[in-house]
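> I am attaching a structure below and will ask some questions about it afterwards.
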2 protein chains.
Amino acid sequence: MRKLIGWWCLALALMPVLVLADEGMWTFDNPPIKQLKEKYNFTPTQEWLDHVRLSSVRFNDGGSGSFISPQGLTLTNHHVALGQLQKMSTPEKNYVANGFYAATLDEEVKCPDLELYVLQELENVTSRVQGAVTADLKPDQALKAREKEIAAIEQEYKDKNGLKCEVVSLYHGGEYWAYQYKRYTDVRLVMAPEQKIAFWGGDADNFTFPRYDLDMAFFRVYENGQPLRTAHYLKWNAKGVEENELVFVSGHPGSTNRLSTYSQLLRQRDFLYPQRLAMIDKQLEILRTYSSRGAEQARRAARSIFGLENSRKALGGEYQGLLDDKLMAKAKAQEDDFRKKVNENPQWKKEYGDGWDIIAKVIKKQTKNAEQNSYRGMALSSRFASIANQIVFYAAEVKKPDSERLSGYHDSQLEQLKFRLFSPAPIYKDLDEATFSGMLQLAVEKLGAEDAYLQKILQGRSAAQTAKEMIEATTLDQVDVRKALIEGGSEAVARSTDPFIVLARQLEPEQRKKIEEDKKSTQSLLVPATEKIARARFAVYGKESYPDATFTLRLSYGTAKGYPMNGTKAPYRTTLYGLYDRSISFNQQGDFALPPRFWERKDQLDLATPVNFVSSNDIIGGNSGSPVINRNAELVGLIFDGNIESLVGRFVYDETSNRAVAVHSAFMIEALRKLYDAGKLAAEILGE
Amino acid sequence: MRKLIGWWCLALALMPVLVLADEGMWTFDNPPIKQLKEKYNFTPTQEWLDHVRLSSVRFNDGGSGSFISPQGLTLTNHHVALGQLQKMSTPEKNYVANGFYAATLDEEVKCPDLELYVLQELENVTSRVQGAVTADLKPDQALKAREKEIAAIEQEYKDKNGLKCEVVSLYHGGEYWAYQYKRYTDVRLVMAPEQKIAFWGGDADNFTFPRYDLDMAFFRVYENGQPLRTAHYLKWNAKGVEENELVFVSGHPGSTNRLSTYSQLLRQRDFLYPQRLAMIDKQLEILRTYSSRGAEQARRAARSIFGLENSRKALGGEYQGLLDDKLMAKAKAQEDDFRKKVNENPQWKKEYGDGWDIIAKVIKKQTKNAEQNSYRGMALSSRFASIANQIVFYAAEVKKPDSERLSGYHDSQLEQLKFRLFSPAPIYKDLDEATFSGMLQLAVEKLGAEDAYLQKILQGRSAAQTAKEMIEATTLDQVDVRKALIEGGSEAVARSTDPFIVLARQLEPEQRKKIEEDKKSTQSLLVPATEKIARARFAVYGKESYPDATFTLRLSYGTAKGYPMNGTKAPYRTTLYGLYDRSISFNQQGDFALPPRFWERKDQLDLATPVNFVSSNDIIGGNSGSPVINRNAELVGLIFDGNIESLVGRFVYDETSNRAVAVHSAFMIEALRKLYDAGKLAAEILGE
């Protein structure tokens, strides 16, 4: 599973350099032309690049996808679609468990809050953003000036072409780009198989290979009530990929920390990862208990459990990388060498030399109340609490001039904010109560009920009582209530007696203080320090590289090939024979059971059909649903995971064993036709 | 591949204690009754134990097997049979590549030098052996007295019942047993599949799982020209094993070092393993070069290359265990604790306390000339050299009274010695020259041609010239010549002008000196020191345990079950579906190609047939070919390997992931019937 793991941004990372092997998540303005030419004798034209970019889709709830027909048909992973599938499901119509297929347009079902972006334009605005920060400004003024300029740019572009503009910081402030997206919100479900086969092998097989998953889902984008006419879409190549064939992945890797400073790595190893893993374990414990209450509870919690297990395995693998003394020693040696080179040049030393020490100092400061902050942060693990918080802040922020607002509340961001806030997707009160109560209880246990912050929430009650009373009383589960509060503005918010709104109002001043403090004592120091190191890196090593991942569109290249695995070799692909082998080998039990249709129609299948394959493409969470394409920009596969050996890829890419895992194009067609009676969909995909 | 790895005995190891989990290679006089009762509610009767023991066969060229029909039919691994198959093959009749099947008794082919042992009787002779060592003896006298007593016992038993007797030291001298074997030398080949499917997946898949190998071979034991009437044989259970079912392995594990002292582990890690691995690499390089000369050369070298690759992977895995700092720290901590307990008791301290220091001191002494000795040892890597050496020593030793002779030349051992020396199996001069020349050259490079020992071999010539001249001139490749020298005794040896005999004569005095020195300065100290530690262990921890492996018959128990593997789970078994999956996934190339019959007859096969399975039985090299049996002593599988996670099992058993790998009984029958047209053999096996 390679869906973007939506957790707090770990720490800043620094720009990677010295690109070897099939490494890199390249921006479309700076594709790896030289490497492709030298290693594969292939040079993508501008037309090729534009076509691929305009066929690529960002799923804003954390994944990637692509257009695959001229009628707006869009392919992504089942696990990217999972959130929407769950929101659309009811106990009677369980699309997650049973799958879905709309044989006609009329049967296609609109998703409650799915939002797709297509990157239409991108423009370098580095000089504007950096120009806003003048030498006379103090750090916190500089930070504010930069933010203001970014908000202004985003609004300007929106006014100009109506596209949704996001200013992206690349190379950690080395460059700023205005990414302009076409935004689609009328997206309808076309087809999804049973989760059982999409996520076959379950948590055990997750992040591993050999693999046998049909992790696909099909949506259709509509515009003005009609299927979108997509000029750019990827033609399907049902033969798929050959061993050692050059392939590309175009998608949206979420984040990497390829060149964090050593002090940042230590902070992650010694605090952030253990803390986060412990929190996931607690959440899983709560959800599993809830889930065990009955079938409907199990259905409601399934998506969250799935996501947490996925995160747990991913983070666990990354953490292993941090615990690897050799890897850490290498990181240390590289940094030492880098700093030595900087210090040997008096000019560089003066301009950049203190970057590392500033970061280390900031981290030391962060460490002080880190545990307290972390547990306080867990105390309000309720969807209602975060909705209330957004409403309270919204009411206050929109009254300010755009440039003065907090990030997230600029004019250019309000449409998206409301789209999410007004989602008709159900919020289950009993599920929310279980999580809220459990995590609040943990905070109480760790910090004591006398903690000043917790007292404001508890007001003398137990954690369980607090959650019960507040959730019983809240009406924020109704979209209309949320709408009325937003439309009523600060007066409506001030008048509200909803317990979550009341609490959010009460916590607001403290929260604002904390944001300001963080800006002043952390961000205003950290941002220029990382910029210094980024510039030092340009100076010492030159500029031929790619920026760390930022959930923006990237192109990676590689070849379909196996790798050394656990004492033997993993092949570059698997076949349907293997699916049946593994299922029978586990006595068809648990996550290794197959949907009945796989047994009923087995004899109709060509068991030699390739199922999944691996390639050396450099990807990470957020790339889920990305198309794998060949030199002709034909779709040969669908990224859905990385192997276990790739988890350390957050910090370092190793071509020996880092592999992206994809669904083979042939398997998707074989399944649609022979297992799901979706010949019509297959025909549309194949352009027949 | 779990064939006994025939390398120098690494170092002495100490008796394991504290048996948990499914651990242990138990002697038949001391089966794990308590553990079986407690964990599996099963108690084998004496009759059960006797039946299993008498159905178990030792393959003296390094493996195990079992009787599986009342007509002497014997099952083992293809890779245990491989040496014989190669010796029986010619360029025209290549049994290794093409397999073999004798549909009638007449077609069965006699093996050139296969020797099978069945353990008939075992008797505790501890008091006799230990009683021979009296307090007044000096260390070297004690060693001699012990050896003399052992030789006497072996001869006595042989005279008494005609069985081949071997006195075995268990628990490192804690116990001595007279193991009495029935010995069979008329053994004929019945059936072997193509090596391609027996060793499917090649060196890559070796020591790994999931696995898909048909690693079986069938022999028939004859007595007086007739198939042996075997009263004890294992009934076949074609349904095989269920998940979590209790199973036993009865076979001959070669050696383990479960409780080496920490100083011994360090010696292995820092010298023996790196040295041995480097030597294997060199040998492989030589053989691959030879092999590349042509098809016939490739055929001749195949067996040796196979064995070396197998050793390389096994030793490499074991070496990884030694390089694991956590494992080493644990070994250190355990030893520290053990020694502390010994030292806290004044009596124990006095009797056993210096055992570890003596061993450490001896090791330190060994380290001095270790590298020189090692390279000198490689200088004569010729079969002819070792034959000549045996002949020269034989002639001298047999003239002495039995009790004065060197080990290997006692009366009770001569029959076996001659059986091997007079083997009609071909020795390829060109292959021998390649190895001899290459390894001699390495010794010259490492020690310099002026090295006194090497000078005696080289006599002024280059390594290549030396090998060429000596091998051209020798006639020791003829069995008659070897026989004439043995029969002619020391006079014939003295008269011989064969260059290898001449050289062996010349080196004899020096070699004898070295053996004496080793006894005096090493063995006479080491043996009592390890005995001390063994006794200390009895004293501190009690006696409920099993001895380290000694290539004698052992019983291990466990269940068929999967294990955590490389981020996911390995199932407990594989199926024929998986064989085709993996073959196609690798484009049917190289070691993943299948014999044509597997494609031609695919549709006749039941692809759900289990192929291989894993169980938690504690085994090691030498167990290859062991039967896996259920509670009813029915054969459900055939051990042929351990997984990669089990390689560290030389030092420590971990039930979490240590697995024995076996061919499933159902696969063997399915293959015999549907792929090899060997229905008659299948019928005999099934008793039909």
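Letters A, B, ... mark the chains of the structure tokens in the order given; residue numbers begin at 1 per chain; ligand numbers begin at 1, in order shown.
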If we count only C-alpha atoms and set the cut-off at 8 Å, which residues sit around segment 193-201 of chain A, ignoring sequence neighbours fewer than 5 positions away in its own chain? Please answer as a ChimeraX atom specification.
/A:78-79,95-100,206,212-217,591-595,676
> Taking 5 positions as the minimum chain separation for residues in the same chain, which residues sit within 12 Å of Glu684 of chain A when counting only C-alpha atoms? Answer as a list of chain:residue names.
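My reading of the contact set: A:Phe67, A:Ile68, A:Ser69, A:Pro70, A:Gln71, A:Gly72, A:Leu73, A:Thr74, A:Ala103, A:Thr104, A:Val190, A:Phe218, A:Arg220, A:Lys235, A:Trp236, A:Ile669, A:Leu672, A:Arg673, A:Ala678, A:Gly679.
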> Deliver the residues from the most recent selection as a file, using N, CA, C and O atoms, as an mmCIF file, in the first residue's frame.

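Printed below is out-v3.cif as written:
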```cif
data_model
loop_
_atom_site.group_PDB
_atom_site.id
_atom_site.type_symbol
_atom_site.label_atom_id
_atom_site.label_comp_id
_atom_site.auth_asym_id
_atom_site.auth_seq_id
_atom_site.Cartn_x
_atom_site.Cartn_y
_atom_site.Cartn_z
ATOM 1 N N PHE A 67 -5.927 9.556 -16.163
ATOM 2 C CA PHE A 67 -7.012 9.422 -17.131
ATOM 3 C C PHE A 67 -6.670 8.290 -18.080
ATOM 4 O O PHE A 67 -5.542 8.210 -18.580
ATOM 5 N N ILE A 68 -7.656 7.434 -18.350
ATOM 6 C CA ILE A 68 -7.357 6.299 -19.231
ATOM 7 C C ILE A 68 -8.382 6.146 -20.360
ATOM 8 O O ILE A 68 -8.390 5.117 -21.041
ATOM 9 N N SER A 69 -9.241 7.140 -20.538
ATOM 10 C CA SER A 69 -10.104 7.125 -21.724
ATOM 11 C C SER A 69 -10.473 8.565 -22.037
ATOM 12 O O SER A 69 -10.346 9.440 -21.181
ATOM 13 N N PRO A 70 -10.952 8.840 -23.265
ATOM 14 C CA PRO A 70 -11.326 10.218 -23.599
ATOM 15 C C PRO A 70 -12.597 10.673 -22.901
ATOM 16 O O PRO A 70 -12.970 11.830 -22.990
ATOM 17 N N GLN A 71 -13.259 9.751 -22.174
ATOM 18 C CA GLN A 71 -14.491 10.120 -21.472
ATOM 19 C C GLN A 71 -14.284 10.266 -19.959
ATOM 20 O O GLN A 71 -15.173 9.953 -19.167
ATOM 21 N N GLY A 72 -13.116 10.724 -19.576
ATOM 22 C CA GLY A 72 -12.907 11.028 -18.166
ATOM 23 C C GLY A 72 -12.724 9.825 -17.264
ATOM 24 O O GLY A 72 -12.749 9.954 -16.035
ATOM 25 N N LEU A 73 -12.549 8.639 -17.848
ATOM 26 C CA LEU A 73 -12.331 7.454 -17.022
ATOM 27 C C LEU A 73 -10.981 7.575 -16.314
ATOM 28 O O LEU A 73 -9.976 7.932 -16.932
ATOM 29 N N THR A 74 -11.005 7.303 -15.031
ATOM 30 C CA THR A 74 -9.821 7.540 -14.203
ATOM 31 C C THR A 74 -9.483 6.295 -13.417
ATOM 32 O O THR A 74 -10.355 5.681 -12.797
ATOM 33 N N ALA A 103 -22.567 -0.702 -15.057
ATOM 34 C CA ALA A 103 -22.492 -1.115 -16.459
ATOM 35 C C ALA A 103 -22.851 0.037 -17.400
ATOM 36 O O ALA A 103 -22.479 0.036 -18.568
ATOM 37 N N THR A 104 -23.601 1.031 -16.886
ATOM 38 C CA THR A 104 -23.963 2.200 -17.708
ATOM 39 C C THR A 104 -23.608 3.478 -16.938
ATOM 40 O O THR A 104 -23.411 3.450 -15.727
ATOM 41 N N VAL A 190 -17.073 4.012 -10.846
ATOM 42 C CA VAL A 190 -17.417 3.154 -11.981
ATOM 43 C C VAL A 190 -17.263 1.670 -11.618
ATOM 44 O O VAL A 190 -18.148 0.866 -11.842
ATOM 45 N N PHE A 218 -11.959 2.238 -10.535
ATOM 46 C CA PHE A 218 -12.198 3.125 -11.672
ATOM 47 C C PHE A 218 -13.235 4.178 -11.303
ATOM 48 O O PHE A 218 -14.294 3.857 -10.749
ATOM 49 N N ARG A 220 -15.091 8.040 -12.823
ATOM 50 C CA ARG A 220 -15.238 8.882 -14.014
ATOM 51 C C ARG A 220 -15.423 10.319 -13.535
ATOM 52 O O ARG A 220 -16.207 10.600 -12.626
ATOM 53 N N LYS A 235 -3.067 5.651 -23.199
ATOM 54 C CA LYS A 235 -3.522 4.454 -23.926
ATOM 55 C C LYS A 235 -3.065 3.225 -23.146
ATOM 56 O O LYS A 235 -2.019 3.219 -22.504
ATOM 57 N N TRP A 236 -3.868 2.214 -23.192
ATOM 58 C CA TRP A 236 -3.630 0.989 -22.416
ATOM 59 C C TRP A 236 -2.805 0.012 -23.241
ATOM 60 O O TRP A 236 -3.086 -0.199 -24.421
ATOM 61 N N ILE A 669 -7.328 -6.317 -17.176
ATOM 62 C CA ILE A 669 -8.242 -6.637 -18.282
ATOM 63 C C ILE A 669 -8.820 -8.046 -18.128
ATOM 64 O O ILE A 669 -10.027 -8.265 -18.282
ATOM 65 N N LEU A 672 -11.441 -7.903 -15.380
ATOM 66 C CA LEU A 672 -12.665 -7.198 -15.788
ATOM 67 C C LEU A 672 -13.513 -8.094 -16.682
ATOM 68 O O LEU A 672 -14.720 -8.229 -16.504
ATOM 69 N N ARG A 673 -12.855 -8.732 -17.629
ATOM 70 C CA ARG A 673 -13.596 -9.527 -18.616
ATOM 71 C C ARG A 673 -14.102 -10.834 -18.053
ATOM 72 O O ARG A 673 -15.271 -11.185 -18.211
ATOM 73 N N ALA A 678 -17.289 -7.242 -16.827
ATOM 74 C CA ALA A 678 -17.195 -5.815 -17.124
ATOM 75 C C ALA A 678 -16.519 -5.618 -18.474
ATOM 76 O O ALA A 678 -15.613 -4.807 -18.632
ATOM 77 N N GLY A 679 -16.974 -6.384 -19.442
ATOM 78 C CA GLY A 679 -16.400 -6.314 -20.782
ATOM 79 C C GLY A 679 -16.535 -4.936 -21.394
ATOM 80 O O GLY A 679 -15.652 -4.488 -22.139
#
```
> Within 7 Å of chain A, which residues of chain B are there when counting only C-alpha atoms? Please give them as a list of chain:residue names.
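Therefore, the residues near the partner are B:Ala204, B:Asp205, B:Thr208, B:Asn566, B:Gly567, B:Thr568, B:Lys569, B:Pro571, B:Tyr572, B:Arg573, B:Thr574, B:Thr575, B:Tyr577, B:Gly578, B:Tyr580, B:Asp581, B:Ser585, B:Phe586, B:Ile644.
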> Those same residues, written as a compact mmCIF listing (two decimals), in the first residue's frame with N, CA and C atoms?

```txt
# COMPACT_ATOMS: atom_id res chain seq x y z
N ALA B 204 20.19 -20.05 -6.08
CA ALA B 204 19.38 -18.93 -5.55
C ALA B 204 18.39 -19.44 -4.51
N ASP B 205 17.62 -20.44 -4.86
CA ASP B 205 16.59 -20.94 -3.95
C ASP B 205 17.13 -21.84 -2.84
N THR B 208 16.32 -21.76 1.04
CA THR B 208 15.24 -20.80 1.21
C THR B 208 13.88 -21.50 1.11
N ASN B 566 10.58 -11.95 5.92
CA ASN B 566 10.88 -10.76 5.11
C ASN B 566 9.70 -9.79 5.06
N GLY B 567 9.09 -9.56 6.20
CA GLY B 567 8.00 -8.59 6.27
C GLY B 567 6.62 -9.20 6.14
N THR B 568 6.54 -10.46 5.67
CA THR B 568 5.23 -11.10 5.55
C THR B 568 5.30 -12.49 6.20
N LYS B 569 4.38 -13.37 5.80
CA LYS B 569 4.38 -14.72 6.35
C LYS B 569 4.71 -15.72 5.26
N PRO B 571 3.95 -19.50 4.14
CA PRO B 571 2.97 -20.53 4.48
C PRO B 571 3.70 -21.81 4.89
N TYR B 572 2.95 -22.79 5.38
CA TYR B 572 3.61 -24.03 5.81
C TYR B 572 3.89 -24.95 4.64
N ARG B 573 3.31 -24.63 3.48
CA ARG B 573 3.53 -25.52 2.34
C ARG B 573 3.44 -24.74 1.03
N THR B 574 3.83 -25.39 -0.05
CA THR B 574 3.66 -24.82 -1.38
C THR B 574 2.89 -25.83 -2.23
N THR B 575 2.46 -25.40 -3.40
CA THR B 575 1.74 -26.31 -4.29
C THR B 575 2.32 -26.25 -5.70
N TYR B 577 0.87 -25.21 -8.25
CA TYR B 577 0.56 -23.90 -8.83
C TYR B 577 1.78 -22.97 -8.72
N GLY B 578 2.39 -23.02 -7.54
CA GLY B 578 3.51 -22.12 -7.26
C GLY B 578 4.74 -22.43 -8.10
N TYR B 580 4.74 -23.51 -11.18
CA TYR B 580 4.53 -22.90 -12.49
C TYR B 580 4.59 -21.37 -12.40
N ASP B 581 4.07 -20.82 -11.29
CA ASP B 581 4.15 -19.37 -11.10
C ASP B 581 5.59 -18.90 -11.14
N SER B 585 7.35 -16.63 -13.89
CA SER B 585 7.78 -15.32 -13.40
C SER B 585 9.23 -15.03 -13.76
N PHE B 586 10.02 -16.09 -13.88
CA PHE B 586 11.41 -15.91 -14.29
C PHE B 586 11.58 -16.22 -15.78
N ILE B 644 16.64 -20.15 5.11
CA ILE B 644 17.80 -19.27 5.31
C ILE B 644 17.88 -18.84 6.78
```
> Return the single residue from A:Ala666, A:Leu234, A:Val118, A:Ala360 that is closest to Asn632 of chain A, with distances computed using only C-alpha atoms.
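Checking each of A:Ala666, A:Leu234, A:Val118, A:Ala360 against Asn632 of chain A, counting only C-alpha atoms, the winner is A:Leu234.
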> Write out as a PyMOL selection string which residues come within 12 Å of Ala331 of chain B when counting only C-alpha atoms, dropping same-chain ones fewer than 6 positions away.
chain B and resi 257-266+321-322+324-325+337-338+651-652
> May I ask for the distance between atom CA of Gln506 of chain B and atom CA of Ile427 of chain B, given in Å to one decimal place?
23.8 Å
> Would you pick out the contacts of segment 33-37 of chain B at 9 Å or less, using only C-alpha atoms, so that residues sharing its chain but fewer than 5 positions from it are not included, and give the list as a list of chain:residue names?
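So, after excluding close chain neighbours, the residues are B:Leu20, B:Ala21, B:Asp22, B:Phe42, B:Thr43, B:Pro44, B:Tyr557.
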> From a DSSP calculation on the backbone, collect every residue of segment 52-196 of chain A in alpha helix (DSSP H) and output the set as a PyMOL selection string.
chain A and resi 52-55+78-88+95-98+126-131+139-161+195-196
> So how many Å separate atom CA of Arg659 of chain A and atom CA of Asp606 of chain A, to one decimal?
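Distance between the two atoms: 26.3 Å.
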> Any idea what's packed within 12 Å of Glu147 of chain B, counting only C-alpha atoms, ignoring anything in its chain fewer than 5 positions away? Could you give it as a list in words?
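Returned residues: Arg128, Val129, Gln130, Ala132, Val133, Asp140, Gln141, Ala142, Ala152, Ile153, Glu154, Val167, Val168, Ser169, Tyr176, Asp402, Ser403, Glu404, Arg405, Leu406, Ser407, Gly408, His410, Lys519, Gln523, Ser524 and Val527 of chain B.
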